[in-house]
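Encoded as structure tokens, the structure appears first; notes follow it.
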Amino acid sequence: MKFRITALVEDTAGGRGLLAEHGLSFWIELGSRKILFDTGQGHVLTRNARQLGVHLEQAEAVIISHGHYDHTGGLSETLRLAGQRRVYAHPAALAPKYARNTDGSSKEIGIPLLNEQKIREQADLILTEKPVEIGEGLFLTGPVPRRTDFEDVGGQYFTDPDCLRPDALSDDQSAFIETPAGTVVILGCAHAGVINTLNYIRELTGNRRIHTVLGGMHLLAAGPERMHKTVAGLRRIDVKRLIPCHCTGFAAMARLWHEFPDQCALCHVGTVFDWNE
Ligand SMILES: [Zn+2]
Ligand SMILES: [Zn+2]
């Protein structure tokens with residue numbers, strides 16, 4: 001099986017003319033399909049795509065992992081370029097989202113410029129309330145059951161501007177590709193928890209082994225217990241290749257590198273993963 005994943009947006013960049021921003025976007029080329037997974041904040045997506053020879057207008061579908069601005073900010077520009085395409089998102093991704101500033105005031109952190117109606121005017125919106133196959137072995141988890149006792153959404157998120165109603169981030173979903181060598185998992189922020197996500201994908205795939213995990217693990221605020229149990233979980237799941245990036249956080253990345261020195265790899269804007277197994 002052959003496919004290629006190119007990092008278009010990430011918090012770090014590695015190459016001439018490429019720009020970083022806090023956000024995430026991957027370009028997935030799978031057979032004849034070209035699919036955009038998340039869109040970053042929107043400041044660098046089109047520029048990086050051009051630099052990397054990626055034609056966003058060829059995207060046949062856009063996957064939204066969850067509604068935070070750092071994954072959805074480039075969606076309006078992508079839809080303008082690509083025209084009437086499929087957009088996969090959980091309904092909660094389209095609802096307003098908030099976080100608290102350090103001074104106690106609140107800020108809007110949901111999807112910029114768009115709402116459900118505006119997306120429907122420009123795209124075929126597919127609401128992912130359960131797992132869905134996009135094609136050629138590429139799947140979306142839909143909402144991930146929260147079963148571990150040590151994982152939470154990873155921060156103070158709310159659905160109202162007064163920051164009274166906690167946001168469970170039920171929109172959080174991941175993509176995965178089934179290959180003969182094992183499953184390749186693509187995370188947005190894994191607000192559902194990376195271990196919850198991997199356990200669920202194993203369940204969905206009849207316990208198929210997980211080969212590679214790529215993306216944000218949102219362990220920025222993880223305390224010692226969560227880190228310890230996350231490491232133990234990854235060891236138990238026996239992941240062959242770990243490519244933590246974006247919101248995983250520096251301390252958590254360092255810990256993962258220390259625990260899994262032979263499995264870890266870097267990802268920044270411009271990184272290309274060619275799969276041939
Ligand atoms: Zn997020
Ligand atoms: Zn994020």
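Each chain in the structure tokens gets a letter, A, B, ..., in the order shown, and its residues are numbered from 1; ligands are numbered from 1 in order too.
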
Practice problem: Just the residues within 7 Å of Met1 of chain A, please, counting only C-alpha atoms, with nothing from its chain fewer than 6 positions along; format it as a list in words. | Solution: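 Everything that qualifies: Thr179, Asn276 and Glu277 of chain A.
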
Exercise. Taking only C-alpha atoms and all ligand atoms into account, report as an MDAnalysis selection string which residues have an atom no farther than 9 Å from an atom of ligand 1.
Key: chainID A and resid 23 65:71 109 153:154 169 172 188:191 216 218 247

Please, could you write that set of residues out with C-alpha atoms as a CSV table (one decimal), in the first residue's frame?
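Just written: result21.csv:
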chain,number,residue,atom,x,y,z
A,23,GLY,CA,-1.8,24.8,14.2
A,65,SER,CA,-10.6,17.0,13.5
A,66,HIS,CA,-12.3,19.4,15.9
A,67,GLY,CA,-13.5,23.0,15.9
A,68,HIS,CA,-10.6,24.9,17.4
A,69,TYR,CA,-9.3,27.8,15.4
A,70,ASP,CA,-5.8,26.3,15.0
A,71,HIS,CA,-7.3,23.5,12.9
A,109,ILE,CA,-11.4,29.9,20.0
A,153,VAL,CA,-9.6,17.2,27.3
A,154,GLY,CA,-6.3,18.8,28.2
A,169,LEU,CA,-14.8,18.5,22.8
A,172,ASP,CA,-12.7,15.5,18.6
A,188,GLY,CA,-5.6,16.5,15.4
A,189,CYS,CA,-5.3,17.4,19.0
A,190,ALA,CA,-6.5,14.1,20.6
A,191,HIS,CA,-8.6,16.0,23.1
A,216,GLY,CA,-1.0,16.4,18.3
A,218,HIS,CA,-2.3,17.6,23.7
A,247,CYS,CA,0.1,20.6,20.8

Practice problem: Would you mind writing down, as an MDAnalysis selection string, each residue of segment 11-255 of chain A that DSSP on the backbone assigns to strand (DSSP E or B)? | Solution: chainID A and resid 13 25:30 33:37 61:63 86:89 98:100 106:108 124:127 132:135 138:140 157:158 166 175:179 182:187 210:216 241:245

Practice problem: Point out the residue among A:Arg147, A:Arg4, A:His22, A:Lys34 with the least atom-to-atom distance to ligand 2, counting only C-alpha atoms and all ligand atoms. | Solution: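 Among A:Arg147, A:Arg4, A:His22, A:Lys34, it is A:His22 that comes nearest to ligand 2.
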
Self-check item: alpha helix (DSSP H) per DSSP on the backbone: members of segment 48-108 of chain A, as a ChimeraX atom specification
Solution: /A:48-51,69-72,75-82

I need the chosen residues saved as a PDB file, in the first residue's frame, with C-alpha atoms.
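The result, written out as part_20.pdb:
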ATOM      1  CA  ASN A  48       3.211  26.475   2.440  1.00  0.00           C
ATOM      2  CA  ALA A  49       1.078  24.428   0.043  1.00  0.00           C
ATOM      3  CA  ARG A  50       2.424  26.430  -2.903  1.00  0.00           C
ATOM      4  CA  GLN A  51       6.021  26.035  -1.670  1.00  0.00           C
ATOM      5  CA  TYR A  69      -9.293  27.815  15.366  1.00  0.00           C
ATOM      6  CA  ASP A  70      -5.812  26.317  14.952  1.00  0.00           C
ATOM      7  CA  HIS A  71      -7.321  23.457  12.921  1.00  0.00           C
ATOM      8  CA  THR A  72     -10.157  25.266  11.140  1.00  0.00           C
ATOM      9  CA  LEU A  75     -11.189  26.195   5.916  1.00  0.00           C
ATOM     10  CA  SER A  76     -12.851  29.251   4.369  1.00  0.00           C
ATOM     11  CA  GLU A  77      -9.849  29.866   2.083  1.00  0.00           C
ATOM     12  CA  THR A  78      -9.665  26.158   1.199  1.00  0.00           C
ATOM     13  CA  LEU A  79     -13.344  26.091   0.232  1.00  0.00           C
ATOM     14  CA  ARG A  80     -12.862  29.224  -1.848  1.00  0.00           C
ATOM     15  CA  LEU A  81     -10.014  27.516  -3.720  1.00  0.00           C
ATOM     16  CA  ALA A  82     -11.381  24.005  -3.962  1.00  0.00           C
TER      17      ALA A  82
END

Practice problem: Could you please determine the separation between atom CA of Asp162 of chain A and atom CA of Ala221 of chain A in Å, to one decimal place? | Solution: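 Atom-to-atom, atom CA of Asp162 of chain A to atom CA of Ala221 of chain A, that is 22.3 Å.
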
Self-check item: Counting only C-alpha atoms, the residue of A:Phe260, A:Phe150, A:Phe273, A:Trp27 that sits nearest Glu225 of chain A
Solution: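 That would be A:Phe150, the residue with the smallest distance to Glu225 of chain A.
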
Quiz prompt | Nearest candidate to ligand 2 (options A:Asp38, A:Glu151, A:Glu29, A:Asp238; using only C-alpha atoms and all ligand atoms) | solution =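 For ligand 2, the nearest of the candidates is A:Asp38.
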
Quiz prompt | Non-local contacts of Arg202 of chain A (12 Å; only C-alpha atoms; under 6 positions in same chain excluded) as a PyMOL selection string | solution = chain A and resi 141+144+176-178+182-185+195-196+208-211+237-239

Practice problem: Write out as a list in words which residues come within 12 Å of Ile134 of chain A when counting only C-alpha atoms, dropping same-chain ones fewer than 6 positions away. | Solution: Ile28, Leu30, Arg33, Lys34, Ile35, Leu36, Phe37, Glu60, Ala61, Val62, Ile63, Arg86, Val87, Tyr88, Ile126, Thr128, Leu140, Thr141, Gly142, Ala175, Phe176, Ile177 and Glu178 of chain A

Mind dumping the selected residues with C-alpha atoms as a PDB file, in the first residue's frame?
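As written to disk, result12.pdb reads:
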ATOM      1  CA  ILE A  28      -2.950  13.083   2.391  1.00  0.00           C
ATOM      2  CA  LEU A  30      -3.841   8.061  -1.149  1.00  0.00           C
ATOM      3  CA  ARG A  33      -7.397  10.716  -3.639  1.00  0.00           C
ATOM      4  CA  LYS A  34      -6.143  13.974  -2.218  1.00  0.00           C
ATOM      5  CA  ILE A  35      -7.531  14.878   1.167  1.00  0.00           C
ATOM      6  CA  LEU A  36      -6.809  17.767   3.511  1.00  0.00           C
ATOM      7  CA  PHE A  37      -6.766  16.886   7.202  1.00  0.00           C
ATOM      8  CA  GLU A  60     -11.622  16.144  -2.877  1.00  0.00           C
ATOM      9  CA  ALA A  61     -12.467  16.344   0.815  1.00  0.00           C
ATOM     10  CA  VAL A  62     -11.506  18.249   3.941  1.00  0.00           C
ATOM     11  CA  ILE A  63     -11.465  16.557   7.338  1.00  0.00           C
ATOM     12  CA  ARG A  86     -16.964  17.238   1.002  1.00  0.00           C
ATOM     13  CA  VAL A  87     -16.231  18.524   4.501  1.00  0.00           C
ATOM     14  CA  TYR A  88     -16.250  15.973   7.322  1.00  0.00           C
ATOM     15  CA  ILE A 126     -20.924  15.401   6.195  1.00  0.00           C
ATOM     16  CA  THR A 128     -19.524  12.520  11.543  1.00  0.00           C
ATOM     17  CA  LEU A 140     -12.562   8.720  10.496  1.00  0.00           C
ATOM     18  CA  THR A 141     -13.285   7.677  14.068  1.00  0.00           C
ATOM     19  CA  GLY A 142     -16.160  10.087  14.725  1.00  0.00           C
ATOM     20  CA  ALA A 175      -8.269   9.652  10.972  1.00  0.00           C
ATOM     21  CA  PHE A 176      -6.686   6.262  10.364  1.00  0.00           C
ATOM     22  CA  ILE A 177      -5.463   4.296   7.386  1.00  0.00           C
ATOM     23  CA  GLU A 178      -5.495   0.509   7.407  1.00  0.00           C
TER      24      GLU A 178
END

Quiz prompt | Gap from atom CA of Leu204 of chain A to atom CA of Phe139 of chain A - Å, one decimal | solution =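 Atom CA of Leu204 of chain A sits 9.9 Å away from atom CA of Phe139 of chain A.
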
Exercise. Compile the contact shell of segment 7-19 of chain A as a list of chain:residue names: residues with an atom at most 8 Å away, counting only C-alpha atoms, same-chain residues fewer than 5 positions apart removed.
Key: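 Counting only the stated atoms, we get A:Leu24, A:Ser25, A:Phe26, A:Trp27, A:Thr39, A:Gly40, A:Val44, A:Leu45, A:Arg47, A:Asn48, A:Ala49, A:Gln51, A:Leu52, A:Cys245, A:His246, A:Cys267, A:His268, A:Val269, A:Gly270, A:Thr271, A:Val272.
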
Emit the selected residues as a compact mmCIF listing (two decimals), in the first residue's frame, including all heavy atoms.
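Resulting contents of out-v6.txt:
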# COMPACT_ATOMS: atom_id res chain seq x y z
N LEU A 24 -2.29 22.94 12.79
CA LEU A 24 -1.96 21.66 12.18
C LEU A 24 -2.73 21.49 10.87
O LEU A 24 -3.90 21.87 10.77
CB LEU A 24 -2.33 20.52 13.15
CG LEU A 24 -1.73 19.16 12.83
CD1 LEU A 24 -0.20 19.19 12.97
CD2 LEU A 24 -2.30 18.08 13.77
N SER A 25 -2.04 20.95 9.88
CA SER A 25 -2.70 20.56 8.64
C SER A 25 -1.84 19.55 7.92
O SER A 25 -0.62 19.74 7.79
CB SER A 25 -2.92 21.79 7.75
OG SER A 25 -3.47 21.40 6.50
N PHE A 26 -2.46 18.47 7.48
CA PHE A 26 -1.75 17.45 6.70
C PHE A 26 -2.44 17.27 5.35
O PHE A 26 -3.67 17.28 5.26
CB PHE A 26 -1.79 16.09 7.42
CG PHE A 26 -1.03 16.04 8.70
CD1 PHE A 26 -1.69 15.77 9.89
CD2 PHE A 26 0.35 16.24 8.73
CE1 PHE A 26 -0.99 15.71 11.10
CE2 PHE A 26 1.05 16.18 9.93
CZ PHE A 26 0.39 15.90 11.11
N TRP A 27 -1.62 17.04 4.34
CA TRP A 27 -2.12 16.73 2.99
C TRP A 27 -1.92 15.24 2.77
O TRP A 27 -0.81 14.74 2.87
CB TRP A 27 -1.32 17.54 1.98
CG TRP A 27 -1.69 17.38 0.55
CD1 TRP A 27 -0.94 16.79 -0.42
CD2 TRP A 27 -2.87 17.89 -0.11
NE1 TRP A 27 -1.57 16.89 -1.63
CE2 TRP A 27 -2.77 17.55 -1.47
CE3 TRP A 27 -4.00 18.57 0.33
CZ2 TRP A 27 -3.76 17.89 -2.40
CZ3 TRP A 27 -4.97 18.90 -0.59
CH2 TRP A 27 -4.85 18.56 -1.93
N THR A 39 -6.74 22.45 8.75
CA THR A 39 -6.36 23.56 7.87
C THR A 39 -5.49 24.62 8.56
O THR A 39 -5.27 25.69 8.00
CB THR A 39 -7.63 24.27 7.34
OG1 THR A 39 -8.31 24.89 8.45
CG2 THR A 39 -8.59 23.29 6.66
N GLY A 40 -4.98 24.33 9.76
CA GLY A 40 -4.20 25.34 10.49
C GLY A 40 -5.05 26.57 10.81
O GLY A 40 -6.28 26.53 10.73
N VAL A 44 -0.78 30.54 7.01
CA VAL A 44 0.36 30.02 6.25
C VAL A 44 -0.01 28.85 5.34
O VAL A 44 0.84 28.37 4.56
CB VAL A 44 1.50 29.57 7.20
CG1 VAL A 44 1.95 30.74 8.08
CG2 VAL A 44 1.10 28.40 8.09
N LEU A 45 -1.24 28.38 5.40
CA LEU A 45 -1.63 27.18 4.66
C LEU A 45 -1.38 27.29 3.16
O LEU A 45 -0.70 26.45 2.56
CB LEU A 45 -3.10 26.85 4.93
CG LEU A 45 -3.67 25.67 4.14
CD1 LEU A 45 -3.04 24.36 4.60
CD2 LEU A 45 -5.19 25.58 4.28
N ARG A 47 0.34 29.47 1.42
CA ARG A 47 1.74 29.72 1.07
C ARG A 47 2.57 28.44 1.16
O ARG A 47 3.31 28.10 0.25
CB ARG A 47 2.32 30.78 2.01
CG ARG A 47 3.78 31.06 1.72
CD ARG A 47 4.46 31.76 2.88
NE ARG A 47 5.91 31.67 2.72
CZ ARG A 47 6.65 32.70 2.33
NH1 ARG A 47 6.12 33.85 2.04
NH2 ARG A 47 7.97 32.56 2.22
N ASN A 48 2.43 27.71 2.29
CA ASN A 48 3.21 26.47 2.44
C ASN A 48 2.82 25.46 1.37
O ASN A 48 3.68 24.75 0.84
CB ASN A 48 3.00 25.88 3.83
CG ASN A 48 3.72 26.67 4.91
OD1 ASN A 48 4.63 27.45 4.63
ND2 ASN A 48 3.31 26.47 6.16
N ALA A 49 1.52 25.38 1.07
CA ALA A 49 1.08 24.43 0.04
C ALA A 49 1.77 24.75 -1.28
O ALA A 49 2.31 23.86 -1.94
CB ALA A 49 -0.44 24.50 -0.11
N GLN A 51 4.58 26.34 -1.78
CA GLN A 51 6.02 26.03 -1.67
C GLN A 51 6.28 24.54 -1.81
O GLN A 51 7.33 24.12 -2.27
CB GLN A 51 6.56 26.48 -0.31
CG GLN A 51 6.66 27.94 -0.07
CD GLN A 51 7.73 28.61 -0.92
OE1 GLN A 51 7.42 29.49 -1.71
NE2 GLN A 51 8.97 28.17 -0.81
N LEU A 52 5.33 23.74 -1.34
CA LEU A 52 5.52 22.29 -1.30
C LEU A 52 4.90 21.59 -2.52
O LEU A 52 4.87 20.36 -2.57
CB LEU A 52 4.91 21.72 -0.01
CG LEU A 52 5.66 22.15 1.27
CD1 LEU A 52 4.82 21.91 2.51
CD2 LEU A 52 6.99 21.38 1.38
N CYS A 245 3.57 15.87 17.59
CA CYS A 245 3.88 17.24 17.17
C CYS A 245 2.81 18.19 17.68
O CYS A 245 2.03 17.83 18.57
CB CYS A 245 4.03 17.31 15.65
SG CYS A 245 2.58 16.83 14.72
N HIS A 246 2.79 19.40 17.12
CA HIS A 246 1.78 20.42 17.42
C HIS A 246 1.59 20.59 18.93
O HIS A 246 2.53 20.95 19.62
CB HIS A 246 0.48 20.05 16.68
CG HIS A 246 -0.67 20.96 16.93
ND1 HIS A 246 -0.56 22.33 16.90
CD2 HIS A 246 -1.97 20.70 17.23
CE1 HIS A 246 -1.72 22.87 17.17
NE2 HIS A 246 -2.61 21.91 17.39
N CYS A 267 8.25 15.93 13.21
CA CYS A 267 7.36 16.42 12.15
C CYS A 267 7.33 17.93 12.21
O CYS A 267 7.14 18.49 13.28
CB CYS A 267 5.96 15.85 12.34
SG CYS A 267 4.74 16.61 11.27
N HIS A 268 7.58 18.57 11.09
CA HIS A 268 7.41 20.02 11.03
C HIS A 268 6.88 20.36 9.64
O HIS A 268 6.76 19.47 8.80
CB HIS A 268 8.74 20.73 11.33
CG HIS A 268 9.92 20.11 10.65
ND1 HIS A 268 10.02 20.02 9.29
CD2 HIS A 268 11.03 19.52 11.16
CE1 HIS A 268 11.16 19.43 8.99
NE2 HIS A 268 11.79 19.10 10.10
N VAL A 269 6.58 21.63 9.41
CA VAL A 269 6.09 22.02 8.09
C VAL A 269 7.11 21.57 7.04
O VAL A 269 8.30 21.86 7.17
CB VAL A 269 5.90 23.56 8.00
CG1 VAL A 269 5.53 23.95 6.56
CG2 VAL A 269 4.83 24.03 8.96
N GLY A 270 6.67 20.84 6.08
CA GLY A 270 7.57 20.37 5.03
C GLY A 270 7.95 18.89 5.17
O GLY A 270 8.49 18.31 4.24
N THR A 271 7.65 18.29 6.33
CA THR A 271 7.96 16.86 6.49
C THR A 271 7.04 16.04 5.59
O THR A 271 5.83 16.28 5.52
CB THR A 271 7.77 16.43 7.95
OG1 THR A 271 8.64 17.20 8.79
CG2 THR A 271 8.11 14.96 8.14
N VAL A 272 7.63 15.08 4.88
CA VAL A 272 6.85 14.20 3.99
C VAL A 272 7.01 12.77 4.48
O VAL A 272 8.14 12.31 4.68
CB VAL A 272 7.36 14.32 2.54
CG1 VAL A 272 6.64 13.31 1.64
CG2 VAL A 272 7.16 15.74 2.01

Quiz item: So what do you get for atom CA of Leu220 of chain A versus atom CA of Gly249 of chain A, distance-wise?
Solution: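 Pair atom CA of Leu220 of chain A / atom CA of Gly249 of chain A returns 4.5 Å.
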
Quiz item: From the set A:Met217, A:Leu242, A:Ala99, A:Met227, which residue has the shortest atom-to-atom contact distance to ligand 2, counting only C-alpha atoms and all ligand atoms?
Solution: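 So, comparing all the options, the nearest one is A:Met217.
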
Quiz prompt | Given only C-alpha atoms and all ligand atoms as the counted atoms, nearest of A:Glu136, A:Thr230, A:Phe250, A:Leu187 to ligand 2 | solution =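 Result for the nearest residue to ligand 2: A:Leu187.
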
Quiz item: So which one's closest to ligand 2, A:Leu266, A:Thr248, A:Glu57, A:Gly83? Using only C-alpha atoms and all ligand atoms, please.
Solution: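 Looking only at the distances to ligand 2, the closest residue turns out to be A:Thr248.
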
Quiz prompt | Shell around Tyr157 of chain A at 8 Å using only C-alpha atoms, local window under 5 positions removed, as a list of chain:residue names | solution =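 In the requested form, the answer reads A:Lys97, A:Tyr98, A:Ala99, A:Arg100, A:Cys163, A:Pro166, A:Asp167, A:Ala168.
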